[in-house]
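Enquirer: Structure provided below as structure tokens; questions to follow.
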Amino acid sequence: MAPAALPLLARLALAVAVLALAAAASAAAKCRHTNLTAGFSADLTMLQHQLRGTVRLDPSGACALQLTRFDLLAASPSARFWAAAGASLADLAAGRPFSPLPLNSTFRNATLSLPFSAPLPPLLALFDPDASSDLGHVFLPASNSSTNSTTNTTATALAFPAPTMFDNCLQLTDAYRLRWTLNATSSSVEIGLEAAVGSEYYMAFGWADPKANSPAMVRSDVVVAGFTEEGMPFAEDYYISDYSECSMGKDDSPVSGVCPDSAYDGAGGSNDSTLVYGHRRDGVSFVRYQRKLDSGDAKYDVPVGAAEEMAVVWAIGKLRPPDTLRPHYLPQNHGGPRDGTFGLTRVNLSEAVDSCLGPLDADNKQDQDRIIADGKTPLVVTSAAALRYPNPPNPDKVIYINKKEAPLLKVERGVPVHFSMQAGHDVALYVTSDPIGGNATLRNKTEVIYAGGPGSHGVPATPMDLVWLPDRNTPDLVYYQSLYEAKMGWKVQVVDGGLSDMYNSSVLLDDQQVTLFWTLSADSISIAARGEKKSGYLAVGFGSGMVNTYAYVGWVGNDGVGRVKTYWIDGKSATGIHETPENLTYVRCKSEDGIITFEFTRPLKPLCTGRVECKNIIDPTTPLKVVWAMGASWSGDDLTDSNMHSVTSSRPIRVLLLRGSAEAEQDLRPVLAVHGFMMFVAWGILLPGGILSARYLKSLKGDGWYQIHVYLQYSGIAIMFLGVLFAAAELRGFYVSSVHVKFGVAALLLAGFQPLNAYFRPKRPANGEVPPRNRVLWEYLHVITGRSAIIVGVVALFTGMKHLGHRYDSENAEGLTWALMLWVLSVIVVALSLEYKEVKRRGSDRSVKGHWVLGNTEEDDTVDLLHPDSSARSSESRPSGVMEVQLEPLTR
């Protein structure tokens with residue numbers, strides 16, 4: 001072709017393009033039902049069924065909307081494209097079908113044409129009128145608006161695309177996808193990670209070290225994305241320095257493993273990824289984040305070339321929540337086969353890639369919290385704002401059961417379900433066959449009501465109890481809803497039999513996160529435990545805390561086999577967990593949607609001696625203190641700190657095995673502190689002071705020593721009895737089980753014997769007469785029992801301090817014990833000093849030869865020990881002369 005012809009061809013091509021655009025604009029103008037411009041484009045907002053797609057005006061000029069890159073999981077036969085005035089439930093219910101095209105099949109990257117013969121509605125939705133369920137929608141410019149208004153609306157739609165839409169998509173595995181949009185002008189890339197995995201899984205993606213000879217996970221710059229325990233998305237920058245879980249560094253050791261960049265504070269690491277959006281829909285996790293192509297962090301971030309093919313790494317696996325030892329979410333070992341759970345590939349961000357055909361389809365699409373009614377514990381019903389719209393699909397207010405947002409409720413036929421209505425008087429609970437609720441008769445629909453109604457409402461101050469008994473005629477699927485507002489509740493699965501039928505008793509443990517079941521027999525007990533939230537393992541312990549506790553741990557291994565093992569825990573780290581060969585029978589463990597349930601039978605009293613597990617005795621007559629813990633993973637062989645729990649009970653629950661009930665373990669430290677202080681005043685001050693006054697104050701004139709002795713002894717005994725009654729009242733019983741209580745009872749009896757002994761005191765002989773035998777025996781008995789009471793009482797004080805430290809793991813108990821020891825030693829030193837002075841005084845005063853035995857040489861038998869005040873007054877009327885009486889020894 002001659003070079004001179006090229007300008008002519010260029011002019012012809014330009015003319016053809018101009019004519020084509022003019023024809024398209026003219027065709028668009030020919031549709032009198034809309035004033036959308038030819039360049040209009042808007043993305044569908046995903047709410048359910050993995051909906052994606054872009055809506056445009058049909059370029060052919062027909063009155064039709066064109067839907068491209070359309071993905072949708074199959075919906076119900078009644079679902080349709082829907083025209084409505086807005087996105088509220090009321091607007092959608094008042095809408096009309098936009099297209100007769102059914103949506104009960106799966107669409108994969110499809111292109112559809114949706115003709116219309118009336119002005120376009122403000123909202124085009126994919127709506128299921130039978131379930132009143134919005135799968136997703138797109139806002140359209142109003143047909144009667146001006147050109148400027150339409151242009152502004154179009155620009156807004158283009159400026160804020162749906163966060164689920166990207167320019168490119170790469171299929172990494174059947175369950176894991178990488179999506180991205182390159183922003184060349186801002187030198188950044190927006191990345192979407194999407195995987196059909198459980199909510200406890202992480203998704204990781206990043207760039208390998210370009211300086212390495214071959215791509216590898218080590219020294220890779222990755223972003224770990226997932227969801228917190230509260231369901232909130234996150235995306236954080238990580239650097240892989242070793243093939244291990246992150247070690248945060250102890251004793252000046254460096255941080256190593258798969259760690260967040262922010263963990264390397266000393267080296268200036270930071271989180272250079274920005275979370276844009278995230279959700280869980282239909283069992284699929286999706287997180288969108290943004291990162292700079294070059295963050296400027298040369299040590300922990302890899303600079304990415306916009307037009308360069310680079311090696312990338314990816315992985316999926318279980319996520320370990322933060323705990324007291326590690327403040328970050330940590331990815332566990334991905335495990336599994338290569339190219340299934342981890343792998344390496346090459347990506348050029350500038351190349352157009354679309355290998356994702358159709359929506360991801362998860363095996364388990366139910367991502368709701370689940371509650372299993374056991375027939376014993378009431379289900380507390382409240383109401384609050386919806387946090388995870390649209391599942392359940394009420395954007396404003398939903399029903400909460402046991403503090404869980406509209407959970408999936410599972411009940412058993414023949415087992416009564418107890419509801420405690422505390423949601424307010426504007427929420428009347430009822431169980432219905434209608435999935436929408438809100439009184440179907442108002443929508444000209446019929447429904448079957450199985451329980452509840454207009455009167456089923458209450459508030460926390462005056463709750464209303466509702467009991468529902470599912471029977472054999474109850475369908476497998478019903479719904480709990482509010483009578484006054486639609487779509488506040490969710491599904492009820494009705495099944496045949498279960499743990500509630502197999503065990504006689506059950507209780508909810510602390511925080512309503514674990515249910516304990518049991519059945520007692522003559523010499524054994526069958527126990528089951530079920531977690532109420534997703535976890536990698538479930539542990540139930542018998543004790544006041546996880547330390548000094550016998551624990552039963554149930555988990556499902558990587559081979560899919562459920563296991564239950566027993567441990568003795570004597571420390572707060574992995575080295576304090578010791579496996580015990582306890583005799584367990586009928587052992588079962590399973591995980592259903594991440595919910596762990598395990599069962600076993602064990603003897604009440606182990607048939608062994610000499611080993612630590614032999615002390616693990618269950619006494620049905622004594623309250624059993626039970627605690628629980630959950631975590632991400634467990635190992636039956638080598639335990640490490642990674643097996644430590646991520647969530648645990650805040651306090652023990654006292655389970656009354658015979659009664660079939662439970663009560664919260666109270667923090668009795670304030671009560672025991674008052675009890676201990678009263679006992680210290682009695683046994684550490686008043687009673688020893690009374691004895692010292694009787695022994696060393698007789699040199700005083702008159703009977704002052706005697707009055708001091710009586711007052712101090714009676715005061716000490718009174719305070720002692722008050723302390724005992726105070727502790728018994730708070731403990732709701734008097735249990736003679738511990739060493740402390742046994743010594744306390746012995747001291748109580750000895751002290752109580754002293755006033756009775758004083759009441760039956762024999763009269764002293766006349767001056768110069770030999771004391772009778774019963775008088776001498778009484779002296780010995782009075783002195784020996786009194787001093788024995790002091791010794792036993794002091795021992796009770798020390799055992800009480802030991803019991804306090806053992807029960808509450810108190811750091812102050814040891815310090816208080818040392819203080820008590822110093823006090824007792826001080827009293828002994830004072831007594832020895834007084835005894836030395838008394839011996840010297842008597843040696844110097846023996847002008848008359850005689851023998852001192854035990855008696856009160858200045859005592860007056862007319863003094864009434866039980867009424868010292870009256871006795872003192874009567875003694876004052878007598879002559880003040882002091883008479884000395886010598887007691888003869890028993891053997892001379």
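Just so we're on the same page: first chain in the structure tokens is A, next is B, and so on; residues restart at 1 for each chain, and ligands are numbered from 1 in the order they show up.
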Applying 8 Å and only C-alpha atoms, which residues near A:Ala175 remain after dropping the ones on its own chain fewer than 2 positions away? List them as a ChimeraX atom specification.
Expert: /A:172-173,177,195-197,360,362
Enquirer: Please report, as CSV, each residue of stretch 312-405 of chain A lying at most 12 Å from stretch 281-290 of chain A, together with the nearest pair of atoms and the separation in Å rounded to one decimal; use only C-alpha atoms, and order rows by chain and ascending residue number.
Expert:
residue,atom,partner,partner_atom,distance
A:Ile316,CA,A:Ser285,CA,11.3
A:Pro359,CA,A:Val284,CA,9.9
A:Leu360,CA,A:Val284,CA,7.3
A:Asp361,CA,A:Val284,CA,7.8
A:Ala362,CA,A:Gly283,CA,5.5
A:Asp363,CA,A:Gly283,CA,7.7
A:Asn364,CA,A:Gly283,CA,5.9
A:Lys365,CA,A:Asp282,CA,4.3
A:Gln366,CA,A:Gly283,CA,6.3
A:Asp367,CA,A:Gly283,CA,5.7
A:Gln368,CA,A:Gly283,CA,9.5
A:Arg388,CA,A:Arg281,CA,9.8
A:Tyr389,CA,A:Arg281,CA,10.1
A:Pro390,CA,A:Arg281,CA,9.1
A:Asn391,CA,A:Arg281,CA,8.4
A:Pro392,CA,A:Arg281,CA,11.4
Enquirer: Which residues come within 9 Å of A:Pro163, counting only C-alpha atoms, excluding same-chain residues fewer than 2 positions away, as a VMD selection string?
Expert: chain A and resid 45 to 46 160 to 161 165 to 166 192 276 to 278 288
Enquirer: Those residues you just picked out, can you put them in a file as an mmCIF file, in the first residue's frame with N, CA, C and O atoms?
Expert:
data_model
loop_
_atom_site.group_PDB
_atom_site.id
_atom_site.type_symbol
_atom_site.label_atom_id
_atom_site.label_comp_id
_atom_site.auth_asym_id
_atom_site.auth_seq_id
_atom_site.Cartn_x
_atom_site.Cartn_y
_atom_site.Cartn_z
ATOM 1 N N THR A 45 -24.539 -4.239 44.318
ATOM 2 C CA THR A 45 -24.072 -4.406 45.693
ATOM 3 C C THR A 45 -24.406 -5.804 46.171
ATOM 4 O O THR A 45 -25.564 -6.222 46.130
ATOM 5 N N MET A 46 -23.395 -6.553 46.618
ATOM 6 C CA MET A 46 -23.615 -7.921 47.080
ATOM 7 C C MET A 46 -24.175 -7.923 48.494
ATOM 8 O O MET A 46 -23.606 -7.311 49.399
ATOM 9 N N PHE A 160 -17.662 5.509 42.972
ATOM 10 C CA PHE A 160 -17.738 4.622 44.129
ATOM 11 C C PHE A 160 -18.249 3.256 43.698
ATOM 12 O O PHE A 160 -19.429 2.936 43.863
ATOM 13 N N PRO A 161 -17.398 2.465 43.065
ATOM 14 C CA PRO A 161 -17.830 1.127 42.640
ATOM 15 C C PRO A 161 -18.053 0.224 43.842
ATOM 16 O O PRO A 161 -17.591 0.511 44.950
ATOM 17 N N MET A 165 -16.175 -5.609 43.464
ATOM 18 C CA MET A 165 -15.844 -5.648 42.042
ATOM 19 C C MET A 165 -14.394 -5.223 41.818
ATOM 20 O O MET A 165 -13.916 -4.244 42.406
ATOM 21 N N PHE A 166 -13.702 -5.968 40.933
ATOM 22 C CA PHE A 166 -12.309 -5.695 40.588
ATOM 23 C C PHE A 166 -12.128 -5.846 39.079
ATOM 24 O O PHE A 166 -12.964 -6.464 38.389
ATOM 25 N N GLY A 192 -8.230 -8.005 46.605
ATOM 26 C CA GLY A 192 -9.316 -8.708 47.279
ATOM 27 C C GLY A 192 -8.974 -10.171 47.434
ATOM 28 O O GLY A 192 -8.614 -10.847 46.465
ATOM 29 N N VAL A 276 -9.932 -1.889 53.391
ATOM 30 C CA VAL A 276 -10.965 -1.139 52.678
ATOM 31 C C VAL A 276 -12.353 -1.675 53.008
ATOM 32 O O VAL A 276 -13.279 -0.918 53.296
ATOM 33 N N TYR A 277 -12.502 -3.014 53.009
ATOM 34 C CA TYR A 277 -13.827 -3.605 53.191
ATOM 35 C C TYR A 277 -13.650 -5.086 53.487
ATOM 36 O O TYR A 277 -12.629 -5.695 53.141
ATOM 37 N N GLY A 278 -14.642 -5.676 54.133
ATOM 38 C CA GLY A 278 -14.628 -7.115 54.378
ATOM 39 C C GLY A 278 -16.004 -7.597 54.788
ATOM 40 O O GLY A 278 -16.794 -6.859 55.386
ATOM 41 N N ARG A 288 -10.985 -6.841 51.325
ATOM 42 C CA ARG A 288 -10.351 -5.949 50.346
ATOM 43 C C ARG A 288 -9.429 -4.986 51.094
ATOM 44 O O ARG A 288 -9.824 -4.386 52.092
#
Enquirer: So which residues of stretch 587-786 of chain A fall under strand (DSSP E) by DSSP, listed as a ChimeraX atom specification?
Expert: /A:587-592,595-603,624-631,647-648,653-656,661-664
Enquirer: Name the residues in contact with A:Pro215 at a cut-off of 8 Å, using only C-alpha atoms, excluding same-chain residues fewer than 5 positions from it; report them as a list in words.
Expert: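 So, after excluding close chain neighbours, the residues are Ala208, Asp209, Pro210, Ala311, Val312 and Leu344 of chain A.
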Enquirer: Keeping only N, CA and C atoms, write the selected residues to a file as a PDB file, in the first residue's frame.
Expert:
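See part33.pdb below for the written result:
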ATOM      1  N   ALA A 208       7.116 -12.627  47.032  1.00  0.00           N
ATOM      2  CA  ALA A 208       8.344 -13.290  47.468  1.00  0.00           C
ATOM      3  C   ALA A 208       9.531 -12.344  47.317  1.00  0.00           C
ATOM      4  N   ASP A 209      10.603 -12.697  47.997  1.00  0.00           N
ATOM      5  CA  ASP A 209      11.818 -11.887  47.951  1.00  0.00           C
ATOM      6  C   ASP A 209      12.396 -11.940  46.531  1.00  0.00           C
ATOM      7  N   PRO A 210      12.431 -10.815  45.835  1.00  0.00           N
ATOM      8  CA  PRO A 210      12.954 -10.853  44.455  1.00  0.00           C
ATOM      9  C   PRO A 210      14.447 -11.118  44.383  1.00  0.00           C
ATOM     10  N   ALA A 311       7.152 -13.015  41.424  1.00  0.00           N
ATOM     11  CA  ALA A 311       6.738 -14.214  42.153  1.00  0.00           C
ATOM     12  C   ALA A 311       5.915 -13.813  43.375  1.00  0.00           C
ATOM     13  N   VAL A 312       4.799 -14.493  43.551  1.00  0.00           N
ATOM     14  CA  VAL A 312       3.926 -14.232  44.697  1.00  0.00           C
ATOM     15  C   VAL A 312       3.705 -15.528  45.454  1.00  0.00           C
ATOM     16  N   LEU A 344       3.031 -21.029  45.246  1.00  0.00           N
ATOM     17  CA  LEU A 344       3.723 -19.903  44.641  1.00  0.00           C
ATOM     18  C   LEU A 344       3.307 -19.817  43.181  1.00  0.00           C
TER      19      LEU A 344
END
Enquirer: Write out as a list of chain:residue names each polymer residue whose atoms come within 12 Å of A:Ser433, counting only C-alpha atoms; drop sequence neighbours fewer than 6 positions from it.
Expert: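 Neighbouring residues, sequence-local ones excluded: A:Ala131, A:Asn439, A:Ala440, A:Lys445, A:Thr446, A:Glu447, A:Val448, A:Ile449, A:Tyr450, A:Ala451, A:Thr474, A:Pro475, A:Asp476, A:Leu477, A:Val478, A:Tyr479, A:Tyr480, A:Gln481, A:Trp490, A:Lys491, A:Val492, A:Gln493.
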Enquirer: Could you give me, as a ChimeraX atom specification, each residue of stretch 670-709 of chain A that DSSP assigns to helix (DSSP H, G or I) when run on this structure's backbone?
Expert: /A:670-696,704-709
Enquirer: Just how far from atom CA of A:Leu797 is atom CA of A:Trp818, in Å to one decimal?
Expert: 11.9 Å
Enquirer: Excluding A:Val258 and any residue of its chain fewer than 3 positions from it, enumerate the residues within 6 Å of it, using only C-alpha atoms, and give them as a list of chain:residue names.
Expert: A:Ile240, A:Glu245, A:Cys246
Enquirer: Compare A:Thr228, A:Thr622, A:Ser253, A:Ser187 by their minimum atom-to-atom distance to A:Ala307, counting only C-alpha atoms, and give me the closest one.
Expert: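 Looking only at the distances to A:Ala307, the closest residue turns out to be A:Ser187.
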Enquirer: Can you tell me which residues surround stretch 644-657 of chain A at a distance of at most 9 Å, considering only C-alpha atoms, apart from same-chain residues fewer than 4 positions away, and format the answer as JSON, numbers by chain?
Expert: {"A": [320, 321, 322, 323, 324, 505, 507, 509, 510, 511, 513, 518, 519, 520, 537, 539, 542, 543, 544, 545, 572, 573, 574, 619, 620, 621, 622, 623, 624, 625, 626, 627, 628, 629, 630, 631, 632, 633, 634, 639, 640, 661, 662, 663, 664, 665, 666, 667]}
Enquirer: Counting only C-alpha atoms, figure out which residue out of A:Gln512, A:Gln422, A:Asn643, A:Ser482 gets nearest to A:Thr462.
Expert: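 Between A:Gln512, A:Gln422, A:Asn643, A:Ser482, the residue approaching A:Thr462 most closely is A:Gln422.
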Enquirer: Expressed in Å to a single decimal, how great is the separation between atom CA of A:Asp261 and atom CA of A:Pro233?
Expert: 18.3 Å
Enquirer: Considering only C-alpha atoms, tabulate each residue of stretch 315-353 of chain A that lies at most 10 Å from stretch 180-184 of chain A along with its nearest interatomic pair and the corresponding distance in Å to one decimal; arrange the rows by chain and ascending residue number and present them as a tab-separated table.
Expert:
residue	atom	partner	partner_atom	distance
A:Leu349	CA	A:Leu182	CA	6.5
A:Ser350	CA	A:Leu182	CA	7.1
A:Glu351	CA	A:Leu182	CA	9.8
A:Ala352	CA	A:Thr181	CA	9.8
A:Val353	CA	A:Trp180	CA	9.5
Enquirer: Considering only C-alpha atoms, state which residue in the set A:Pro393, A:Gly206, A:Pro141, A:Gly793 is at the smallest distance from A:Trp314.
Expert: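 Nearest to A:Trp314: A:Gly206.
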